[in-house]
Structures are given as structure tokens and as C-alpha cells.
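K.L.:
I have a structure here, written as C-alpha cells, and I will follow up with some questions on it.
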Amino acid sequence: MRLIKKLILFTVFIYCGTALNAQSFGFGCLGLSGFYAGFSKQNYDNPGLNDYIRQRINILDPSKTIISDKIEFTQGTGYRIGANFFRAKWDKFFISAKGYYQFLKESNEISAQLQNVDTREKYQLTMNHWGVGIDLGVPLFWILDWKIAEANVTFYNTEFSQETFLNNVSQGEIKFKPDKNNIGYFIGTGLILHLVPDYISVEGTAGFNIIQIDDLSNDSGITIPSASSSKKVIDKGNLSITLQLNVGFPL
């Protein structure tokens with residue numbers, strides 16, 4: 001985290017100096033700042049978590065004749081809010097430093113009539129996280145920019161919850177968490193469409209998240225996956241897409 005801050009400050013210093021001698025900079029020392037909000041989808045591979053769900057189904061329905069639901073956690077969705085610390089733009093390229101908070105979750109449930117009792121289990125995976133990073137791009141047309149590369153470091157606060165209902169009455173919620181927050185990475189590319197040049201734009205980003213979580217545990221010491229399993233809760237990240245609205249102002 002300190003290294004990232006130093007990198008951002010160093011970049012600001014370098015480009016502030018450049019701006020004093022470059023007529024094409026045009027927005028003052030730091031160029032543009034602003035805020036953004038958008039919607040994201042993130043795919044991931046969860047072998048350990050999906051195995052745990054299958055084991056739960058086998059416990060509830062060992063004959064495999066009552067519960068027909070097939071559950072796999074594969075994609076989280078949610079909203080993103082963030083800020084462009086600065087976006088410096090020249091005739092031939094631009095560079096940005098940004099930070100954001102991502103709300104990300106996926107929910108599934110199974111239900112069945114077991115021994116004349118309406119049984120339902122609800123599962124939710126939450127992968128909210130902070131992200132900081134930089135991007136580098138070039139203008140294609142006066143209204144469209146190509147964000148060649150965006151690189152972020154992400155700090156995940158992961159939680160998996162399991163709640164059982166009998167005849168629609170909750171029997172309590174069990175929460176599983178990792179023993180520490182997990183660090184991930186993102187690399188992607190995208191396009192920026194300027195609705196009001198330099199002030200309002202729509203930005204689309206696609207890329208890959210790199211994230212790995214070995215296991216989760218609850219207060220009773222139960223772990224996902226079990227100690228005998230060689231699988232990880234989240235083995236790796238996958239494709240991620242974000243669509244956001246940017247609102248900027250000159251510094």
C-alpha cells in the first residue's frame with residue numbers, strides 16, 4: 001500500500017513538472033479529478049466452495065431423489081463507487097490514478113420437502129473489496145478514448161454465509177471467513193466514451209482478476225473445504241467487466 005502511494009505521488013510530481021512545459025496538457029498541474037459509479041460482474045473458480053455445497057445437499061438428501069437444485073458459485077455482481085485521483089491528458093496519451101470500493105455478492109438456495117418439513121438453505125458469498133491502481137490510454141477520436149491497460153491491486157473482505165429455514169422459520173445463520181483479508185490483482189483494457197468531453201463520460205472495462213483464497217472457517221472451527229481436501233475455496237479469478245459513469249472536473 002505504501003509502495004502504491006509512493007508511485008502515485010512520484011507520477012504526480014513528474015507530470016506536474018511536465019505540465020509546466022507542455023502546451024497540450026491544458027488542465028493545470030493534475031489535469032482532471034472526479035468521481036464515478038458503476039456496475040460490475042466478476043467470474044471466479046470456486047472448487048472448494050462448490051464441493052461444500054454438494055456435500056450439504058448429500059447430507060440433506062442422501063438418496064439424491066428429492067433435491068433437484070444444482071448450485072455452483074461462479075459469478076458475483078454488484079455496484080462500484082470510486083474516484084479518479086487525477087487524469088492527466090496529452091495529445092497522444094493519458095494516464096490516471098484511481099481508487100474504488102466494490103460491492104460484490106452471489107446468492108443461491110436449495111429447497112425441498114423433507115420429512116413433511118419445508119426445508120430451505122440459503123447461501124451467500126460476499127467479496128467486497130477496495131482497489132487502487134493506474135491506467136494508460138490513447139485518444140482514438142475526439143469523443144472516444146482507448147484505455148490500453150488498467151492495473152489494480154485489490155484488498156478483499158470475503159465472507160460466506162449459510163442460513164437454514166424450516167417451515168420458513170430461520171434456524172440461524174452461520175458465517176465463514178478467511179483468517180485474513182486477501183490481496184488480489186486486476187489487469188484489463190477498455191473504452192471511454194465522452195458525453196461531455198473532460199466532464200462526463202461512460203467507461204467500459206474488461207479484464208482478469210487474480211485472486212486465491214485457501215479456506216474459510218466459522219467460530220466453531222469448521223472449515224471450507226475440509227482439512228482432507230486439496231482444493232481451495234477460490235482457486236483463481238476470471239473475466240471481469242465494469243460499466244461506469246465518470247464525472248470529472250479540472251484541478
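Convention: chains lettered A, B, ... in C-alpha cells order; per-chain residue numbering from 1; ligands numbered from 1 as shown.
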Which residues in segment 51-116 of chain A does DSSP call alpha helix (DSSP H)? List them as a list in words.
P.N.:
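Across segment 51-116 of chain A, those assigned alpha helix (DSSP H) are Asp51, Tyr52, Ile53, Arg54, Gln55, Arg56, Ile57, Asn58, Ile59 and Leu60 of chain A.
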K.L.:
Those residues with N, CA and C atoms, as a PDB file, in the first residue's frame please?
P.N.:
ATOM      1  N   ASP A  51     -17.774 -27.726  -3.765  1.00  0.00           N
ATOM      2  CA  ASP A  51     -17.762 -29.065  -3.172  1.00  0.00           C
ATOM      3  C   ASP A  51     -18.509 -29.071  -1.839  1.00  0.00           C
ATOM      4  N   TYR A  52     -18.349 -28.018  -1.064  1.00  0.00           N
ATOM      5  CA  TYR A  52     -19.043 -27.927   0.223  1.00  0.00           C
ATOM      6  C   TYR A  52     -20.560 -27.903   0.018  1.00  0.00           C
ATOM      7  N   ILE A  53     -21.027 -27.157  -0.981  1.00  0.00           N
ATOM      8  CA  ILE A  53     -22.468 -27.107  -1.269  1.00  0.00           C
ATOM      9  C   ILE A  53     -22.973 -28.490  -1.657  1.00  0.00           C
ATOM     10  N   ARG A  54     -22.224 -29.193  -2.493  1.00  0.00           N
ATOM     11  CA  ARG A  54     -22.644 -30.543  -2.884  1.00  0.00           C
ATOM     12  C   ARG A  54     -22.705 -31.481  -1.683  1.00  0.00           C
ATOM     13  N   GLN A  55     -21.772 -31.333  -0.748  1.00  0.00           N
ATOM     14  CA  GLN A  55     -21.802 -32.154   0.460  1.00  0.00           C
ATOM     15  C   GLN A  55     -23.029 -31.845   1.308  1.00  0.00           C
ATOM     16  N   ARG A  56     -23.407 -30.566   1.382  1.00  0.00           N
ATOM     17  CA  ARG A  56     -24.609 -30.184   2.124  1.00  0.00           C
ATOM     18  C   ARG A  56     -25.849 -30.821   1.497  1.00  0.00           C
ATOM     19  N   ILE A  57     -25.919 -30.826   0.188  1.00  0.00           N
ATOM     20  CA  ILE A  57     -27.066 -31.427  -0.494  1.00  0.00           C
ATOM     21  C   ILE A  57     -27.106 -32.925  -0.223  1.00  0.00           C
ATOM     22  N   ASN A  58     -25.939 -33.586  -0.214  1.00  0.00           N
ATOM     23  CA  ASN A  58     -25.885 -35.024   0.054  1.00  0.00           C
ATOM     24  C   ASN A  58     -26.327 -35.340   1.483  1.00  0.00           C
ATOM     25  N   ILE A  59     -26.026 -34.449   2.431  1.00  0.00           N
ATOM     26  CA  ILE A  59     -26.456 -34.670   3.820  1.00  0.00           C
ATOM     27  C   ILE A  59     -27.976 -34.542   3.933  1.00  0.00           C
ATOM     28  N   LEU A  60     -28.539 -33.536   3.275  1.00  0.00           N
ATOM     29  CA  LEU A  60     -29.982 -33.319   3.339  1.00  0.00           C
ATOM     30  C   LEU A  60     -30.746 -34.369   2.537  1.00  0.00           C
TER      31      LEU A  60
END
K.L.:
Report the residues of segment 24-175 of chain A whose backbone DSSP state falls under strand (DSSP E or B), written as JSON, numbers by chain.
P.N.:
{"A": [31, 32, 33, 34, 35, 36, 37, 38, 39, 40, 41, 42, 43, 44, 45, 75, 76, 77, 78, 79, 80, 81, 82, 83, 84, 85, 86, 87, 88, 89, 94, 95, 96, 97, 98, 99, 100, 101, 102, 105, 106, 107, 108, 109, 110, 111, 112, 113, 114, 117, 118, 119, 120, 121, 122, 123, 124, 125, 126, 127, 128, 129, 130, 131, 132, 133, 134, 135, 136, 137, 138, 139, 140, 141, 144, 145, 146, 147, 148, 149, 150, 151, 152, 153, 154, 155, 156, 157, 158, 159, 160, 161, 162, 163, 164, 165, 166, 169, 170, 171, 172, 173, 174, 175]}
K.L.:
Name the residues in contact with Thr223 of chain A at a cut-off of 12 Å, using only C-alpha atoms, excluding same-chain residues fewer than 3 positions from it; report them as a PyMOL selection string.
P.N.:
chain A and resi 48-49+52+160+174-179+214-220+226-229+232-233
K.L.:
Return as CSV the residues of segment 22-122 of chain A lying at most 7 Å from segment 243-246 of chain A, together with the closest atom-to-atom pair for each and the distance in Å to one decimal, counting only C-alpha atoms, with rows in chain order and ascending residue number.
P.N.:
residue,atom,partner,partner_atom,distance
A:Phe35,CA,A:Asn246,CA,6.0
A:Tyr36,CA,A:Asn246,CA,4.4
A:Ala37,CA,A:Gln244,CA,5.3
A:Gly38,CA,A:Gln244,CA,3.7
A:Phe39,CA,A:Leu243,CA,5.5
A:Ser40,CA,A:Leu243,CA,6.5
K.L.:
How about saving the chosen residues, N, CA and C atoms kept, as an mmCIF file, in the first residue's frame?
P.N.:
data_model
loop_
_atom_site.group_PDB
_atom_site.id
_atom_site.type_symbol
_atom_site.label_atom_id
_atom_site.label_comp_id
_atom_site.auth_asym_id
_atom_site.auth_seq_id
_atom_site.Cartn_x
_atom_site.Cartn_y
_atom_site.Cartn_z
ATOM 1 N N PHE A 35 -15.269 11.690 -9.766
ATOM 2 C CA PHE A 35 -15.855 10.527 -9.115
ATOM 3 C C PHE A 35 -16.557 9.664 -10.158
ATOM 4 N N TYR A 36 -16.814 8.420 -9.796
ATOM 5 C CA TYR A 36 -17.533 7.551 -10.718
ATOM 6 C C TYR A 36 -18.332 6.505 -9.947
ATOM 7 N N ALA A 37 -19.323 5.966 -10.616
ATOM 8 C CA ALA A 37 -20.153 4.898 -10.064
ATOM 9 C C ALA A 37 -20.555 3.988 -11.203
ATOM 10 N N GLY A 38 -20.661 2.696 -10.919
ATOM 11 C CA GLY A 38 -20.996 1.772 -11.988
ATOM 12 C C GLY A 38 -21.413 0.414 -11.474
ATOM 13 N N PHE A 39 -21.512 -0.514 -12.416
ATOM 14 C CA PHE A 39 -21.976 -1.877 -12.140
ATOM 15 C C PHE A 39 -20.928 -2.860 -12.660
ATOM 16 N N SER A 40 -20.671 -3.925 -11.874
ATOM 17 C CA SER A 40 -19.632 -4.888 -12.235
ATOM 18 C C SER A 40 -20.141 -6.321 -12.161
#
K.L.:
Could you produce a table of the residues of segment 93-175 of chain A lying within 12 Å of segment 187-193 of chain A, with the nearest pair of atoms per residue and their separation in Å rounded to one decimal, using only C-alpha atoms, ordered by chain and increasing residue number, as a tab-separated table?
P.N.:
residue	atom	partner	partner_atom	distance
A:Phe94	CA	A:Ile192	CA	11.7
A:Gly131	CA	A:Ile187	CA	11.9
A:Val132	CA	A:Ile187	CA	11.8
A:Gly133	CA	A:Ile187	CA	9.7
A:Ile134	CA	A:Ile187	CA	10.1
A:Asp135	CA	A:Thr189	CA	8.6
A:Leu136	CA	A:Thr189	CA	9.2
A:Gly137	CA	A:Thr189	CA	8.9
A:Val138	CA	A:Leu191	CA	9.8
A:Pro139	CA	A:Ile192	CA	9.1
A:Leu140	CA	A:Leu191	CA	9.6
A:Phe141	CA	A:Leu193	CA	9.6
A:Trp142	CA	A:Leu193	CA	9.4
A:Ile143	CA	A:Leu193	CA	5.9
A:Leu144	CA	A:Leu193	CA	4.8
A:Asp145	CA	A:Ile192	CA	5.0
A:Trp146	CA	A:Leu191	CA	4.7
A:Lys147	CA	A:Gly190	CA	4.9
A:Ile148	CA	A:Thr189	CA	5.3
A:Ala149	CA	A:Thr189	CA	4.8
A:Glu150	CA	A:Gly188	CA	5.1
A:Ala151	CA	A:Ile187	CA	4.6
A:Asn152	CA	A:Ile187	CA	6.6
A:Val153	CA	A:Ile187	CA	9.2
A:Thr154	CA	A:Ile187	CA	10.9
K.L.:
Identify, on the basis of only C-alpha atoms, every residue whose closest approach to Glu72 of chain A does not exceed 10 Å; exclude the query and any residue fewer than 2 positions from it along the same chain; express the result as a list in words.
P.N.:
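With the cut-off at 10 Å, the set is Asp45, Asn46, Pro47, Leu49, Asn50, Asp51, Ile53, Arg54, Asp69, Lys70, Thr74, Gln75, Ser107 and Asn108 of chain A.
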K.L.:
Residues near Asp198 of chain A, anyone? I mean within 9 Å using only C-alpha atoms, not counting same-chain ones fewer than 2 positions away, as a short mmCIF file (atom, residue, chain, number, x, y, z; two decimals) with C-alpha atoms, in the first residue's frame.
P.N.:
data_model
loop_
_atom_site.label_atom_id
_atom_site.label_comp_id
_atom_site.auth_asym_id
_atom_site.auth_seq_id
_atom_site.Cartn_x
_atom_site.Cartn_y
_atom_site.Cartn_z
CA LEU A 32 -8.75 16.13 -14.18
CA HIS A 194 -17.07 11.23 -23.74
CA LEU A 195 -20.62 12.54 -23.44
CA VAL A 196 -19.38 15.97 -22.37
CA ILE A 200 -18.94 13.42 -18.23
CA SER A 201 -18.05 10.08 -19.78
CA VAL A 247 -17.96 12.89 -13.59
CA GLY A 248 -14.78 14.98 -13.75
CA PHE A 249 -13.58 18.49 -13.07
CA PRO A 250 -10.29 20.33 -13.72
#
K.L.:
Figure out the distance between atom CA of Asn168 of chain A and atom CA of Lys64 of chain A, please, to one decimal in Å.
P.N.:
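Atom-to-atom, atom CA of Lys64 of chain A and atom CA of Asn168 of chain A are spaced 22.5 Å apart.
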K.L.:
Between A:Thr242, A:Asn167, A:Glu173, A:Glu159, which has the minimum distance to Ile81 of chain A (counting only C-alpha atoms)?
P.N.:
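Smallest separation from Ile81 of chain A among the options: A:Thr242.
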K.L.:
Can you list, as an NGL selection string, every protein, DNA or RNA residue that comes within 7 Å of segment 122-127 of chain A when you count only C-alpha atoms, leaving out same-chain residues fewer than 4 positions away?
P.N.:
:A and (104-110 or 156-164)
K.L.:
Please report the interatomic distance between atom CA of Gln113 of chain A and atom CA of Asp61 of chain A in Å with one decimal.
P.N.:
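Taking atom CA of Gln113 of chain A and atom CA of Asp61 of chain A, their separation equals 10.2 Å.
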K.L.:
What is the distance, in Å and to one decimal place, between atom CA of His129 of chain A and atom CA of Gly207 of chain A?
P.N.:
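Straight-line distance from atom CA of His129 of chain A to atom CA of Gly207 of chain A works out to 16.6 Å.
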